[in-house]
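Quick notes on the structure that follows.
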Amino acid sequence: MQLTDKRVLVTGGAGFIGSNLANHLATENDVVVVDDGYLGTPENLDDAVEFHEKSVLDDDLPTDVDVVFHLAALSSYKMHEENPTKGARVNVEGFVNTVEQARDDGCETVVYASTSSIYGNRTEPSPEYMDVTVNTGYEASKLARERYAEYFANHYDMHMAGMRFFSVYQGYGGAEEHKGEFANVIAQFADDLDKGEAPVIYGDGTQTRDFTHVSDIVRGLELAAEHQLTGIYNLGTGESYDFNTVVEMLNDELGTDIQPEYVENPIPDDVYVHDTMADTTAMYEATGWEPEISFKEGLERVCRQYV
C-alpha cells in the first residue's frame, strides 16, 4: 500500500513525533489529527492538517480512515507515577478505544507507539524477540498495548505494527520546545548551553542512549503502514552515546565550554533504564528501513537555530 491519496488519522498528532509525522504525510494525504492538548499544541501543525481537540477516550473519534497512527500516550515515568490509573486509561484503554472505532469503520491498518524501555539496561543491541521486563507503569501500559494489538491481529486479522522507539530527538527548533522538562535531553542540553547554563545530568553521566532523529522515526512509521506490518519492530540506530559525550559534542557544535551539573537521580536505580541500544535487523529485513541521519548530523540540526 502506498501512502498517497489516503485518509490518515494520527492520534497524539499535535505532539512532538505526531506533528512531524502528520505534517510529512499531509503533503500527499488527507491527514486528520486527534490531540487533547496535554503534551501537544496545534501550533506544531501545518495548515493542511485537520485538527480535532479530542481525547482518545472519546467515543466519536474521526476513525473513518485508511490508516491509524496511534501515538497518543502519557509518555514518561513521572506522568504515570503521579496517576497510574490515568496512565492505564490513556495508554491502554485509549488504544483499545481508538482501534475498536477504527475497526468498526473498516480500517485494517494500525501503526502504534510502544517503547524500548521494556528492554531494561542493555549495552548490546536489543532484538525484538528477547525477553522483556516491566518495572514501571509506563512500561506496563506499553506492553499491554502490544498484547491488545496481538489480539486485534489474531482475532480480527488487522495489520497491527508496534514500533519500539529508542530515544527520539529533534531539538527546540523543531516540535520539541513545548514539551519542556519532557523533551529529549539533547534538546534540553543544547538550549541550556546556548543560554550559558550548565546542563543538569542525573547521576554521573555515563548512562547511554540510542538517540534517533525524528525524521528517521517518521520514515519508519510510514514504511510500517505501507508494508502493512504486523508484530513488533525497533526504530533506533544501533549506536549509543553517553550523556557526558553528548554535552561535549554540543559544546563543540555551539562553540561553548560549559561543564554539566550532576545531581542525584530522582528515578530509583532499580527502575531507571541506564543504557539502550537497538537491533533494527527486523525492520530492515521487512521494509529496507535504516537510519539515515548520523548522530553528528543530528546534533548539527539541533544546534542550527543557535549558531
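Numbering starts fresh at 1 for the residues of each chain in the C-alpha cells, the chains themselves are lettered A, B, ... in the order given, and ligands are numbered from 1 as they appear.
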
Restrict the calculation to only C-alpha atoms, then for each residue of segment 25-93 of chain A with any atom at most 9 Å from an atom of segment 135-148 of chain A give the closest atom pair and their distance in Å to one decimal, rows by chain and rising residue number, as a Markdown table.
| residue | atom | partner | partner_atom | distance |
| --- | --- | --- | --- | --- |
| A:Leu74 | CA | A:Tyr138 | CA | 7.7 |
| A:Ser75 | CA | A:Tyr138 | CA | 7.0 |
| A:Ser76 | CA | A:Tyr138 | CA | 6.4 |
| A:Tyr77 | CA | A:Tyr138 | CA | 5.7 |
| A:Lys78 | CA | A:Tyr138 | CA | 8.7 |
| A:Met79 | CA | A:Tyr138 | CA | 8.2 |
| A:His80 | CA | A:Gly137 | CA | 5.8 |
| A:Glu81 | CA | A:Gly137 | CA | 6.9 |
| A:Pro84 | CA | A:Gly137 | CA | 6.3 |
| A:Gly87 | CA | A:Tyr138 | CA | 7.2 |
| A:Ala88 | CA | A:Ser141 | CA | 5.8 |
| A:Arg89 | CA | A:Ser141 | CA | 8.9 |
| A:Val90 | CA | A:Ser141 | CA | 9.0 |
| A:Asn91 | CA | A:Ser141 | CA | 5.8 |
| A:Val92 | CA | A:Arg145 | CA | 5.7 |
| A:Glu93 | CA | A:Arg145 | CA | 8.8 |

**Message:** Could you pull out the strand (DSSP E or B) residues of segment 148-257 of chain A, going by DSSP on the backbone, and write them as a PyMOL selection string?
**Reply:** chain A and resi 159-165+168-169+200-202+208-209+212-213+231-235+241-242

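Using only C-alpha atoms, the protein and nucleic acid residues lying no more than 7 Å from segment 109-113 of chain A, apart from those fewer than 4 places from it along its own chain, are A:Asp66, A:Val67, A:Val68, A:Phe69, A:His70, A:Leu71, A:Met158, A:His159, A:Met160, A:Ala161, A:Gly162, A:Met163, A:Arg164, A:Leu221, A:Ala224, A:Ala225, A:Gln228.
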
Keeping N, CA, C and O atoms, export the residues of the selection given above as a PDB file, in the first residue's frame.
ATOM      1  N   ASP A  66      -8.061   5.209   6.268  1.00  0.00           N
ATOM      2  CA  ASP A  66      -7.356   4.046   5.715  1.00  0.00           C
ATOM      3  C   ASP A  66      -6.284   3.515   6.659  1.00  0.00           C
ATOM      4  O   ASP A  66      -6.000   2.314   6.690  1.00  0.00           O
ATOM      5  N   VAL A  67      -5.675   4.433   7.415  1.00  0.00           N
ATOM      6  CA  VAL A  67      -4.579   4.068   8.323  1.00  0.00           C
ATOM      7  C   VAL A  67      -4.703   4.873   9.613  1.00  0.00           C
ATOM      8  O   VAL A  67      -5.008   6.075   9.575  1.00  0.00           O
ATOM      9  N   VAL A  68      -4.452   4.217  10.747  1.00  0.00           N
ATOM     10  CA  VAL A  68      -4.340   4.915  12.032  1.00  0.00           C
ATOM     11  C   VAL A  68      -2.897   4.817  12.507  1.00  0.00           C
ATOM     12  O   VAL A  68      -2.323   3.726  12.575  1.00  0.00           O
ATOM     13  N   PHE A  69      -2.326   5.977  12.840  1.00  0.00           N
ATOM     14  CA  PHE A  69      -1.052   6.026  13.562  1.00  0.00           C
ATOM     15  C   PHE A  69      -1.396   6.436  14.989  1.00  0.00           C
ATOM     16  O   PHE A  69      -1.826   7.575  15.222  1.00  0.00           O
ATOM     17  N   HIS A  70      -1.249   5.508  15.925  1.00  0.00           N
ATOM     18  CA  HIS A  70      -1.652   5.791  17.299  1.00  0.00           C
ATOM     19  C   HIS A  70      -0.417   6.131  18.134  1.00  0.00           C
ATOM     20  O   HIS A  70       0.321   5.243  18.575  1.00  0.00           O
ATOM     21  N   LEU A  71      -0.192   7.419  18.330  1.00  0.00           N
ATOM     22  CA  LEU A  71       0.967   7.889  19.097  1.00  0.00           C
ATOM     23  C   LEU A  71       0.557   8.513  20.429  1.00  0.00           C
ATOM     24  O   LEU A  71       1.419   8.812  21.265  1.00  0.00           O
ATOM     25  N   MET A 158      -6.341  -7.833  11.614  1.00  0.00           N
ATOM     26  CA  MET A 158      -5.894  -6.469  11.314  1.00  0.00           C
ATOM     27  C   MET A 158      -4.370  -6.435  11.205  1.00  0.00           C
ATOM     28  O   MET A 158      -3.671  -7.280  11.771  1.00  0.00           O
ATOM     29  N   HIS A 159      -3.859  -5.457  10.487  1.00  0.00           N
ATOM     30  CA  HIS A 159      -2.414  -5.207  10.436  1.00  0.00           C
ATOM     31  C   HIS A 159      -2.065  -4.296  11.611  1.00  0.00           C
ATOM     32  O   HIS A 159      -2.475  -3.135  11.642  1.00  0.00           O
ATOM     33  N   MET A 160      -1.315  -4.815  12.565  1.00  0.00           N
ATOM     34  CA  MET A 160      -1.004  -4.077  13.800  1.00  0.00           C
ATOM     35  C   MET A 160       0.514  -4.047  14.001  1.00  0.00           C
ATOM     36  O   MET A 160       1.116  -5.046  14.390  1.00  0.00           O
ATOM     37  N   ALA A 161       1.123  -2.902  13.737  1.00  0.00           N
ATOM     38  CA  ALA A 161       2.580  -2.762  13.853  1.00  0.00           C
ATOM     39  C   ALA A 161       2.937  -1.927  15.077  1.00  0.00           C
ATOM     40  O   ALA A 161       2.591  -0.742  15.149  1.00  0.00           O
ATOM     41  N   GLY A 162       3.615  -2.561  16.027  1.00  0.00           N
ATOM     42  CA  GLY A 162       4.074  -1.858  17.225  1.00  0.00           C
ATOM     43  C   GLY A 162       5.522  -1.430  17.053  1.00  0.00           C
ATOM     44  O   GLY A 162       6.398  -2.258  16.823  1.00  0.00           O
ATOM     45  N   MET A 163       5.768  -0.136  17.189  1.00  0.00           N
ATOM     46  CA  MET A 163       7.104   0.405  16.965  1.00  0.00           C
ATOM     47  C   MET A 163       7.725   0.786  18.313  1.00  0.00           C
ATOM     48  O   MET A 163       7.229   1.678  19.016  1.00  0.00           O
ATOM     49  N   ARG A 164       8.792   0.084  18.650  1.00  0.00           N
ATOM     50  CA  ARG A 164       9.517   0.416  19.888  1.00  0.00           C
ATOM     51  C   ARG A 164      10.539   1.488  19.562  1.00  0.00           C
ATOM     52  O   ARG A 164      11.602   1.221  18.991  1.00  0.00           O
ATOM     53  N   LEU A 221       7.781   4.866  10.534  1.00  0.00           N
ATOM     54  CA  LEU A 221       6.335   4.760  10.740  1.00  0.00           C
ATOM     55  C   LEU A 221       5.605   4.657   9.407  1.00  0.00           C
ATOM     56  O   LEU A 221       4.693   3.830   9.232  1.00  0.00           O
ATOM     57  N   ALA A 224       6.138   1.249   7.863  1.00  0.00           N
ATOM     58  CA  ALA A 224       5.384   0.213   8.568  1.00  0.00           C
ATOM     59  C   ALA A 224       3.947   0.159   8.057  1.00  0.00           C
ATOM     60  O   ALA A 224       3.369  -0.919   7.893  1.00  0.00           O
ATOM     61  N   ALA A 225       3.369   1.332   7.794  1.00  0.00           N
ATOM     62  CA  ALA A 225       1.998   1.386   7.272  1.00  0.00           C
ATOM     63  C   ALA A 225       1.949   0.910   5.831  1.00  0.00           C
ATOM     64  O   ALA A 225       1.069   0.128   5.443  1.00  0.00           O
ATOM     65  N   GLN A 228       2.131  -2.636   5.656  1.00  0.00           N
ATOM     66  CA  GLN A 228       1.077  -3.249   6.475  1.00  0.00           C
ATOM     67  C   GLN A 228       1.660  -4.329   7.393  1.00  0.00           C
ATOM     68  O   GLN A 228       1.216  -5.474   7.436  1.00  0.00           O
TER      69      GLN A 228
END

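Note that atom CA of Ala187 of chain A and atom CA of Asp270 of chain A are 26.1 Å apart.
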
**Asked** What's the 10 Å shell around Glu197 of chain A, counting only C-alpha atoms, without same-chain residues fewer than 5 positions away, as a PyMOL selection string?
**Response** chain A and resi 189-192+258-261

Given the selection you just returned, output its residues as a file containing all heavy atoms, formatted as a short mmCIF file (atom, residue, chain, number, x, y, z; two decimals), in the first residue's frame.
data_model
loop_
_atom_site.label_atom_id
_atom_site.label_comp_id
_atom_site.auth_asym_id
_atom_site.auth_seq_id
_atom_site.Cartn_x
_atom_site.Cartn_y
_atom_site.Cartn_z
N PHE A 189 19.72 19.97 26.78
CA PHE A 189 21.14 20.30 26.94
C PHE A 189 21.54 21.44 26.00
O PHE A 189 22.23 22.38 26.41
CB PHE A 189 22.02 19.08 26.66
CG PHE A 189 21.95 17.99 27.69
CD1 PHE A 189 22.60 16.77 27.46
CD2 PHE A 189 21.26 18.15 28.88
CE1 PHE A 189 22.55 15.75 28.39
CE2 PHE A 189 21.20 17.13 29.82
CZ PHE A 189 21.84 15.92 29.57
N ALA A 190 21.14 21.33 24.73
CA ALA A 190 21.53 22.35 23.75
C ALA A 190 20.98 23.71 24.14
O ALA A 190 21.69 24.73 24.04
CB ALA A 190 21.03 21.96 22.35
N ASP A 191 19.75 23.75 24.60
CA ASP A 191 19.14 25.02 24.97
C ASP A 191 19.82 25.62 26.20
O ASP A 191 20.06 26.83 26.27
CB ASP A 191 17.64 24.83 25.22
CG ASP A 191 16.86 26.12 25.03
OD1 ASP A 191 16.91 26.68 23.92
OD2 ASP A 191 16.21 26.57 25.98
N ASP A 192 20.16 24.76 27.16
CA ASP A 192 20.88 25.24 28.34
C ASP A 192 22.23 25.84 27.95
O ASP A 192 22.58 26.94 28.40
CB ASP A 192 21.12 24.08 29.33
CG ASP A 192 19.84 23.63 30.02
OD1 ASP A 192 18.87 24.41 30.05
OD2 ASP A 192 19.81 22.49 30.51
N ILE A 258 30.95 24.66 28.64
CA ILE A 258 30.22 24.65 29.91
C ILE A 258 30.12 23.23 30.42
O ILE A 258 29.66 22.33 29.71
CB ILE A 258 28.81 25.26 29.73
CG1 ILE A 258 28.93 26.69 29.19
CG2 ILE A 258 28.04 25.24 31.04
CD1 ILE A 258 27.60 27.29 28.76
N GLN A 259 30.56 23.02 31.64
CA GLN A 259 30.51 21.69 32.23
C GLN A 259 29.12 21.41 32.79
O GLN A 259 28.45 22.32 33.29
CB GLN A 259 31.55 21.56 33.34
CG GLN A 259 32.98 21.69 32.85
CD GLN A 259 33.29 20.71 31.72
OE1 GLN A 259 33.13 19.50 31.86
NE2 GLN A 259 33.70 21.24 30.57
N PRO A 260 28.68 20.17 32.72
CA PRO A 260 27.36 19.85 33.26
C PRO A 260 27.32 19.89 34.78
O PRO A 260 28.36 19.82 35.45
CB PRO A 260 27.10 18.42 32.75
CG PRO A 260 28.44 17.87 32.45
CD PRO A 260 29.33 19.02 32.09
N GLU A 261 26.12 20.01 35.30
CA GLU A 261 25.89 19.91 36.74
C GLU A 261 25.32 18.52 37.02
O GLU A 261 24.35 18.10 36.39
CB GLU A 261 24.90 20.99 37.20
CG GLU A 261 24.52 20.90 38.66
CD GLU A 261 23.37 21.83 39.04
OE1 GLU A 261 23.02 22.70 38.22
OE2 GLU A 261 22.82 21.66 40.14
#
